[in-house]
Amino acid sequence: MPELRQDYFTNRLVLVSRERLARPSEFTKQNSSLKEANHARPKRDENCPFCPGNEDKTPPAELVLVSKNNTLLKLADSDNERVTDWTVRYFPNKYPAVSLDSEPKYTDPPLQSEPAFGYHHVLIVTPDHSATFGTIPVEQWVDILAILQDRVRWLYSKKTVGYVSVFINSGNEAGASFSHPHLQTLTLTRLPPLIEEEARSMHNSMAELSMCSMCRVLSLETNSERKIISTESFLAFAPWAPTHAYEFWIFPKKHETSFLKVGQKEIQDLAVMLRVMMGALSSALSDPPFNLSFHISSEKKMTKQIHWHIEVYPQIVKWAGLERGNGVYINPVPPEEAAQILGAAARKQMAQIIGIT
Ligand SMILES: [Zn+2]
Ligand SMILES: [Zn+2]
């Protein structure tokens with residue numbers, strides 16, 4: 001059963017999870033050369049467990065969105081019947097990195113460990129196997145974000161959940177096992193170290209300057225040379241010290257701690273921003289592998305809050321010895337240059353979207 005271990009000296013956390021070894025992947029060596037030769041991907045792939053028609057290859061979905069006569073229905077699979085004709089599908093990961101079945105065993109530092117209690121789910125964001133995050137339309141993003149809010153709220157209602165991690169692995173080099181576009185949620189019993197550090201920074205800044213440290217950064221970057229594009233409610237920019245080439249962040253412009261309290265109008269606006277930025281990333285850099293991570297506040301009482309946002313890490317330059325061994329990152333693309341390139345691509349995407357709607 002999975003176990004959450006903390007490093008001897010630092011706050012680094014490691015999920016020791018043997019179950020993950022059993023996980024299949026479409027990116028085996030033989031397969032990947034085949035894939036490269038065959039560029040055009042079909043709308044449906046019979047070997048893909050995330051494709052329509054293969055619903056029985058995954059655990060039953062706890063939430064399925066079905067569009068009928070212009071209304072969206074929220075349905076769920078049962079053990080022996082799967083919902084078909086869906087647009088978005090949310091189910092437990094078949095090879096979870098956390099589990100509720102762990103033995104309640106705790107140990108103290110320096111050999112600190114605790115059971116990795118939690119829930120690990122997959123959200124299939126489109127039935128179209130040939131789609132990429134760069135092609136998913138705005139309306140589909142609205143549905144994805146609505147389901148995400150619904151599920152994050154549900155996960156925070158669970159006793160063992162201290163934090164809900166929401167992330168995307170897109171492409172083999174970014175850690176995905178399947179190319180069909182999907183997103184994951186994984187819960188932890190406490191805040192992960194990066195969120196904890198951001199929360200501490202915001203807490204200190206509130207105490208010392210009566211101002212959120214992230215709002216301060218937003219006011220600095222709104223008209224900086226690192227700005228990429230803005231919508232009514234969101235700003236996309238390349239951060240000052242990005243650990244990845246072409247990394248960018250998307251922040252709500254006004255101070256907002258809870259992702260769950262984002263209203264319908266703002267969700268619509270975020271959907272436009274995600275469509276634009278994912279399209280820009282894919283057109284400017286030819287569909288690179290990437291990871292995306294939501295940084296949200298915990299919804300549990302008495303936890304420190306952050307100004308929630310989204311961070312995107314294109315996987316173009318590999319981390320090597322200096323990065324892994326020291327936490328010092330070489331970035332060959334100055335963020336000011338990345339912002340120019342992504343900004344030009346984003347403005348083109350925005351013009352297309354405005355042209356369509
Ligand atoms: Zn598929
Ligand atoms: Zn703020």
# chains A, B, ... in the order shown; residues from 1 in each chain; ligands from 1
$ residues_around --residues "A:Pro24" --least-positions-apart "5" --cutoff "10 Å" --atoms "only C-alpha atoms" --output "NGL selection string"
:A and (95 or 177-178)
$ write_last_selection --atoms "C-alpha atoms" --output "short mmCIF file (atom, residue, chain, number, x, y, z; two decimals), in the first residue's frame"
data_model
loop_
_atom_site.label_atom_id
_atom_site.label_comp_id
_atom_site.auth_asym_id
_atom_site.auth_seq_id
_atom_site.Cartn_x
_atom_site.Cartn_y
_atom_site.Cartn_z
CA TYR A 95 -3.39 2.43 -10.79
CA SER A 177 0.84 7.02 -20.25
CA PHE A 178 -1.83 7.77 -22.86
#
$ residues_near_ligand --ligand "ligand 2" --cutoff "7 Å" --atoms "only C-alpha atoms and all ligand atoms" --output "list in words"
Cys212, Ser213, Met214, Cys215, Lys254, His255, Glu256 and His307 of chain A
$ write_last_selection --atoms "all heavy atoms" --output "mmCIF file, in the first residue's frame"
data_model
loop_
_atom_site.group_PDB
_atom_site.id
_atom_site.type_symbol
_atom_site.label_atom_id
_atom_site.label_comp_id
_atom_site.auth_asym_id
_atom_site.auth_seq_id
_atom_site.Cartn_x
_atom_site.Cartn_y
_atom_site.Cartn_z
ATOM 1 N N CYS A 212 -1.354 40.967 -0.237
ATOM 2 C CA CYS A 212 -1.059 39.614 -0.714
ATOM 3 C C CYS A 212 0.178 39.666 -1.603
ATOM 4 O O CYS A 212 0.268 40.505 -2.513
ATOM 5 C CB CYS A 212 -2.272 39.095 -1.489
ATOM 6 S SG CYS A 212 -1.925 37.768 -2.625
ATOM 7 N N SER A 213 1.142 38.790 -1.340
ATOM 8 C CA SER A 213 2.385 38.807 -2.130
ATOM 9 C C SER A 213 2.101 38.532 -3.603
ATOM 10 O O SER A 213 2.800 39.022 -4.482
ATOM 11 C CB SER A 213 3.374 37.777 -1.576
ATOM 12 O OG SER A 213 2.731 36.538 -1.369
ATOM 13 N N MET A 214 1.067 37.754 -3.883
ATOM 14 C CA MET A 214 0.767 37.416 -5.272
ATOM 15 C C MET A 214 0.061 38.576 -5.983
ATOM 16 O O MET A 214 0.277 38.800 -7.171
ATOM 17 C CB MET A 214 -0.056 36.143 -5.322
ATOM 18 C CG MET A 214 0.731 34.974 -4.739
ATOM 19 S SD MET A 214 -0.191 33.455 -4.788
ATOM 20 C CE MET A 214 1.048 32.309 -4.224
ATOM 21 N N CYS A 215 -0.782 39.324 -5.260
ATOM 22 C CA CYS A 215 -1.391 40.528 -5.850
ATOM 23 C C CYS A 215 -0.291 41.537 -6.201
ATOM 24 O O CYS A 215 -0.362 42.225 -7.219
ATOM 25 C CB CYS A 215 -2.369 41.175 -4.867
ATOM 26 S SG CYS A 215 -3.963 40.349 -4.785
ATOM 27 N N LYS A 254 -8.162 39.655 -9.743
ATOM 28 C CA LYS A 254 -8.507 40.136 -8.400
ATOM 29 C C LYS A 254 -8.137 39.083 -7.357
ATOM 30 O O LYS A 254 -8.025 37.891 -7.686
ATOM 31 C CB LYS A 254 -9.975 40.554 -8.325
ATOM 32 C CG LYS A 254 -10.991 39.461 -8.512
ATOM 33 C CD LYS A 254 -12.368 40.022 -8.138
ATOM 34 C CE LYS A 254 -13.334 38.915 -7.823
ATOM 35 N NZ LYS A 254 -14.274 38.559 -8.858
ATOM 36 N N HIS A 255 -7.934 39.530 -6.128
ATOM 37 C CA HIS A 255 -7.493 38.606 -5.079
ATOM 38 C C HIS A 255 -8.561 37.560 -4.806
ATOM 39 O O HIS A 255 -9.666 37.879 -4.387
ATOM 40 C CB HIS A 255 -7.171 39.395 -3.801
ATOM 41 C CG HIS A 255 -6.674 38.493 -2.710
ATOM 42 N ND1 HIS A 255 -5.444 37.884 -2.777
ATOM 43 C CD2 HIS A 255 -7.242 38.074 -1.557
ATOM 44 C CE1 HIS A 255 -5.269 37.132 -1.694
ATOM 45 N NE2 HIS A 255 -6.353 37.232 -0.940
ATOM 46 N N GLU A 256 -8.215 36.313 -5.072
ATOM 47 C CA GLU A 256 -9.178 35.232 -4.945
ATOM 48 C C GLU A 256 -8.457 34.032 -4.366
ATOM 49 O O GLU A 256 -7.453 33.583 -4.932
ATOM 50 C CB GLU A 256 -9.661 34.846 -6.355
ATOM 51 C CG GLU A 256 -11.133 34.909 -6.562
ATOM 52 C CD GLU A 256 -11.467 34.726 -8.043
ATOM 53 O OE1 GLU A 256 -10.838 33.905 -8.721
ATOM 54 O OE2 GLU A 256 -12.366 35.428 -8.513
ATOM 55 N N HIS A 307 -3.350 32.825 -3.208
ATOM 56 C CA HIS A 307 -4.090 33.429 -4.318
ATOM 57 C C HIS A 307 -4.015 32.359 -5.423
ATOM 58 O O HIS A 307 -2.941 32.116 -5.968
ATOM 59 C CB HIS A 307 -3.346 34.719 -4.701
ATOM 60 C CG HIS A 307 -3.977 35.550 -5.752
ATOM 61 N ND1 HIS A 307 -3.991 36.926 -5.692
ATOM 62 C CD2 HIS A 307 -4.585 35.231 -6.915
ATOM 63 C CE1 HIS A 307 -4.573 37.418 -6.773
ATOM 64 N NE2 HIS A 307 -4.954 36.411 -7.525
#
$ select_by_dssp --residues "stretch 47-219 of chain A" --states "helix (DSSP H, G or I)" --output "VMD selection string"
chain A and resid 55 to 57 138 to 156 172 to 174 193 to 209 213 to 219
$ closest_atom_pairs --of "chain A" --to "ligand 1" --cutoff "6 Å" --atoms "only C-alpha atoms and all ligand atoms" --output "Markdown table"
| residue | atom | partner | partner_atom_place_in_ligand_line | distance |
| --- | --- | --- | --- | --- |
| A:Arg44 | CA | ligand 1 | 1 (Zn) | 5.8 |
| A:Asp45 | CA | ligand 1 | 1 (Zn) | 5.4 |
| A:Cys48 | CA | ligand 1 | 1 (Zn) | 4.5 |
| A:Phe50 | CA | ligand 1 | 1 (Zn) | 4.7 |
| A:Cys51 | CA | ligand 1 | 1 (Zn) | 3.7 |
| A:His129 | CA | ligand 1 | 1 (Zn) | 4.0 |
| A:His180 | CA | ligand 1 | 1 (Zn) | 4.5 |
$ write_last_selection --atoms "all heavy atoms" --output "tab-separated table (two decimals), in the first residue's frame"
chain	number	residue	atom	x	y	z
A	44	ARG	N	-11.02	8.02	-33.02
A	44	ARG	CA	-11.23	6.98	-32.03
A	44	ARG	C	-10.16	5.91	-32.24
A	44	ARG	O	-9.87	5.54	-33.37
A	44	ARG	CB	-12.63	6.38	-32.21
A	44	ARG	CG	-13.04	5.57	-31.03
A	44	ARG	CD	-14.40	4.91	-31.15
A	44	ARG	NE	-14.40	3.86	-30.14
A	44	ARG	CZ	-13.97	2.63	-30.36
A	44	ARG	NH1	-13.57	2.27	-31.55
A	44	ARG	NH2	-13.94	1.75	-29.37
A	45	ASP	N	-9.56	5.45	-31.14
A	45	ASP	CA	-8.53	4.42	-31.23
A	45	ASP	C	-9.01	3.24	-30.39
A	45	ASP	O	-9.20	3.37	-29.18
A	45	ASP	CB	-7.21	4.99	-30.70
A	45	ASP	CG	-6.09	3.96	-30.73
A	45	ASP	OD1	-6.38	2.75	-30.87
A	45	ASP	OD2	-4.92	4.37	-30.60
A	48	CYS	N	-7.31	2.47	-27.13
A	48	CYS	CA	-7.18	3.50	-26.10
A	48	CYS	C	-8.27	3.32	-25.03
A	48	CYS	O	-9.46	3.39	-25.34
A	48	CYS	CB	-7.31	4.88	-26.74
A	48	CYS	SG	-7.46	6.21	-25.55
A	50	PHE	N	-9.27	5.28	-22.91
A	50	PHE	CA	-9.99	6.52	-22.62
A	50	PHE	C	-10.98	6.88	-23.73
A	50	PHE	O	-11.67	7.89	-23.65
A	50	PHE	CB	-9.00	7.68	-22.43
A	50	PHE	CG	-8.08	7.51	-21.24
A	50	PHE	CD1	-6.94	8.31	-21.10
A	50	PHE	CD2	-8.33	6.57	-20.24
A	50	PHE	CE1	-6.08	8.17	-20.01
A	50	PHE	CE2	-7.48	6.41	-19.15
A	50	PHE	CZ	-6.35	7.22	-19.04
A	51	CYS	N	-11.03	6.07	-24.79
A	51	CYS	CA	-11.89	6.38	-25.93
A	51	CYS	C	-13.33	5.87	-25.73
A	51	CYS	O	-13.55	4.89	-25.03
A	51	CYS	CB	-11.32	5.74	-27.19
A	51	CYS	SG	-10.34	6.89	-28.18
A	129	HIS	N	-10.31	11.35	-29.61
A	129	HIS	CA	-8.94	10.86	-29.42
A	129	HIS	C	-7.92	11.73	-30.15
A	129	HIS	O	-6.76	11.85	-29.72
A	129	HIS	CB	-8.84	9.41	-29.92
A	129	HIS	CG	-7.53	8.77	-29.65
A	129	HIS	ND1	-7.21	8.19	-28.45
A	129	HIS	CD2	-6.43	8.63	-30.44
A	129	HIS	CE1	-5.97	7.72	-28.50
A	129	HIS	NE2	-5.48	7.96	-29.70
A	180	HIS	N	-4.53	10.34	-25.21
A	180	HIS	CA	-5.89	10.90	-25.17
A	180	HIS	C	-5.93	11.99	-24.08
A	180	HIS	O	-5.61	11.71	-22.93
A	180	HIS	CB	-6.88	9.77	-24.85
A	180	HIS	CG	-8.29	10.13	-25.14
A	180	HIS	ND1	-9.11	9.39	-25.96
A	180	HIS	CD2	-9.04	11.18	-24.72
A	180	HIS	CE1	-10.30	9.96	-26.03
A	180	HIS	NE2	-10.28	11.05	-25.28
$ select_by_dssp --residues "stretch 58-246 of chain A" --states "strand (DSSP E)" --output "number ranges by chain"
A: 63-68, 71-75, 86-92, 113-115, 120-124, 163-170, 182-188, 227-230, 234-237
$ closest_atom_pairs --of "stretch 201-281 of chain A" --to "stretch 348-352 of chain A" --cutoff "9 Å" --atoms "only C-alpha atoms" --output "Markdown table"
| residue | atom | partner | partner_atom | distance |
| --- | --- | --- | --- | --- |
| A:Val272 | CA | A:Met350 | CA | 8.2 |
| A:Met273 | CA | A:Met350 | CA | 8.6 |
| A:Arg275 | CA | A:Gln349 | CA | 8.2 |
| A:Val276 | CA | A:Gln349 | CA | 5.4 |
| A:Met277 | CA | A:Gln349 | CA | 8.0 |
| A:Gly279 | CA | A:Gln349 | CA | 6.5 |
| A:Ala280 | CA | A:Gln349 | CA | 6.5 |
$ write_last_selection --atoms "N, CA, C and O atoms" --output "compact mmCIF listing (two decimals), in the first residue's frame"
# COMPACT_ATOMS: atom_id res chain seq x y z
N VAL A 272 -11.81 30.82 -22.00
CA VAL A 272 -11.23 31.54 -23.15
C VAL A 272 -9.70 31.61 -22.97
O VAL A 272 -8.93 31.32 -23.89
N MET A 273 -9.26 31.97 -21.77
CA MET A 273 -7.83 32.08 -21.50
C MET A 273 -7.11 30.75 -21.73
O MET A 273 -6.04 30.71 -22.35
N ARG A 275 -8.11 28.20 -23.61
CA ARG A 275 -8.15 27.90 -25.04
C ARG A 275 -7.06 28.68 -25.78
O ARG A 275 -6.33 28.15 -26.61
N VAL A 276 -6.96 29.97 -25.44
CA VAL A 276 -5.98 30.84 -26.09
C VAL A 276 -4.55 30.40 -25.76
O VAL A 276 -3.70 30.24 -26.64
N MET A 277 -4.26 30.17 -24.49
CA MET A 277 -2.88 29.84 -24.10
C MET A 277 -2.46 28.44 -24.52
O MET A 277 -1.32 28.21 -24.90
N GLY A 279 -3.67 26.90 -27.14
CA GLY A 279 -3.51 27.04 -28.59
C GLY A 279 -2.19 27.72 -28.92
O GLY A 279 -1.48 27.32 -29.85
N ALA A 280 -1.83 28.75 -28.14
CA ALA A 280 -0.59 29.48 -28.37
C ALA A 280 0.62 28.59 -28.13
O ALA A 280 1.57 28.57 -28.92
$ atom_distance --atom1 "atom CA of A:Ser297" --atom2 "atom CA of A:Arg190"
11.4 Å
$ residues_around --residues "A:Pro110" --least-positions-apart "4" --cutoff "9 Å" --atoms "only C-alpha atoms" --output "ChimeraX atom specification"
/A:6-9
$ residues_around --residues "A:Trp154" --least-positions-apart "2" --cutoff "12 Å" --atoms "only C-alpha atoms" --output "list of chain:residue names"
A:Glu62, A:Leu63, A:Tyr119, A:Ile147, A:Leu148, A:Gln149, A:Asp150, A:Arg151, A:Val152, A:Tyr156, A:Ser157, A:Lys158, A:Lys159, A:Val161, A:Val164, A:Thr185, A:Thr187, A:Leu260, A:Glu299
$ closest_residue --among "A:Met211, A:Leu72, A:Ala345, A:Ile229" --to "A:Ala146" --atoms "only C-alpha atoms"
A:Leu72
$ closest_residue --among "A:Ser67, A:Ser113, A:Thr107, A:Ser78" --to "A:Leu15" --atoms "only C-alpha atoms"
A:Ser113
$ residues_around --residues "A:Phe248" --least-positions-apart "4" --cutoff "9 Å" --atoms "only C-alpha atoms" --output "PyMOL selection string"
chain A and resi 228+236-239+242+244+310-314+335+338-339
$ residues_around --residues "A:His182" --least-positions-apart "6" --cutoff "7 Å" --atoms "only C-alpha atoms" --output "ChimeraX atom specification"
/A:122-125,168
$ residues_around --residues "A:Arg20" --least-positions-apart "3" --cutoff "9 Å" --atoms "only C-alpha atoms" --output "ChimeraX atom specification"
/A:17,23,95-97
$ write_last_selection --atoms "N, CA, C and O atoms" --output "mmCIF file, in the first residue's frame"
data_model
loop_
_atom_site.group_PDB
_atom_site.id
_atom_site.type_symbol
_atom_site.label_atom_id
_atom_site.label_comp_id
_atom_site.auth_asym_id
_atom_site.auth_seq_id
_atom_site.Cartn_x
_atom_site.Cartn_y
_atom_site.Cartn_z
ATOM 1 N N SER A 17 4.984 4.104 -4.016
ATOM 2 C CA SER A 17 3.742 3.511 -4.514
ATOM 3 C C SER A 17 4.033 2.432 -5.551
ATOM 4 O O SER A 17 4.064 2.685 -6.749
ATOM 5 N N ARG A 23 1.168 -0.055 -14.165
ATOM 6 C CA ARG A 23 0.420 0.801 -15.069
ATOM 7 C C ARG A 23 0.859 0.596 -16.529
ATOM 8 O O ARG A 23 2.054 0.620 -16.831
ATOM 9 N N TYR A 95 -4.688 2.671 -11.453
ATOM 10 C CA TYR A 95 -3.391 2.435 -10.785
ATOM 11 C C TYR A 95 -3.063 3.625 -9.889
ATOM 12 O O TYR A 95 -2.163 4.407 -10.182
ATOM 13 N N PRO A 96 -3.811 3.776 -8.796
ATOM 14 C CA PRO A 96 -3.680 4.998 -7.984
ATOM 15 C C PRO A 96 -2.352 5.093 -7.242
ATOM 16 O O PRO A 96 -1.800 4.072 -6.824
ATOM 17 N N ALA A 97 -1.853 6.319 -7.092
ATOM 18 C CA ALA A 97 -0.612 6.557 -6.348
ATOM 19 C C ALA A 97 -0.901 6.771 -4.867
ATOM 20 O O ALA A 97 0.016 6.833 -4.053
#
$ closest_residue --among "A:Asn69, A:Trp249, A:Leu281, A:Thr243" --to "A:Tyr329" --atoms "only C-alpha atoms"
A:Thr243
$ atom_distance --atom1 "atom CA of A:Pro49" --atom2 "atom CA of A:Leu145"
22.5 Å
$ atom_distance --atom1 "atom CA of A:Ala284" --atom2 "atom CA of A:Thr135"
13.5 Å
$ closest_residue --among "A:Ser210, A:Asn11, A:His295, A:Phe259" --to "A:Pro109" --atoms "only C-alpha atoms"
A:Asn11
$ closest_residue --among "A:Lys74, A:Met1, A:Leu220, A:Lys304" --to "A:His203" --atoms "only C-alpha atoms"
A:Lys304
$ closest_residue --among "A:Ser99, A:Leu235, A:Lys261, A:Asp56" --to "A:Glu19" --atoms "only C-alpha atoms"
A:Ser99
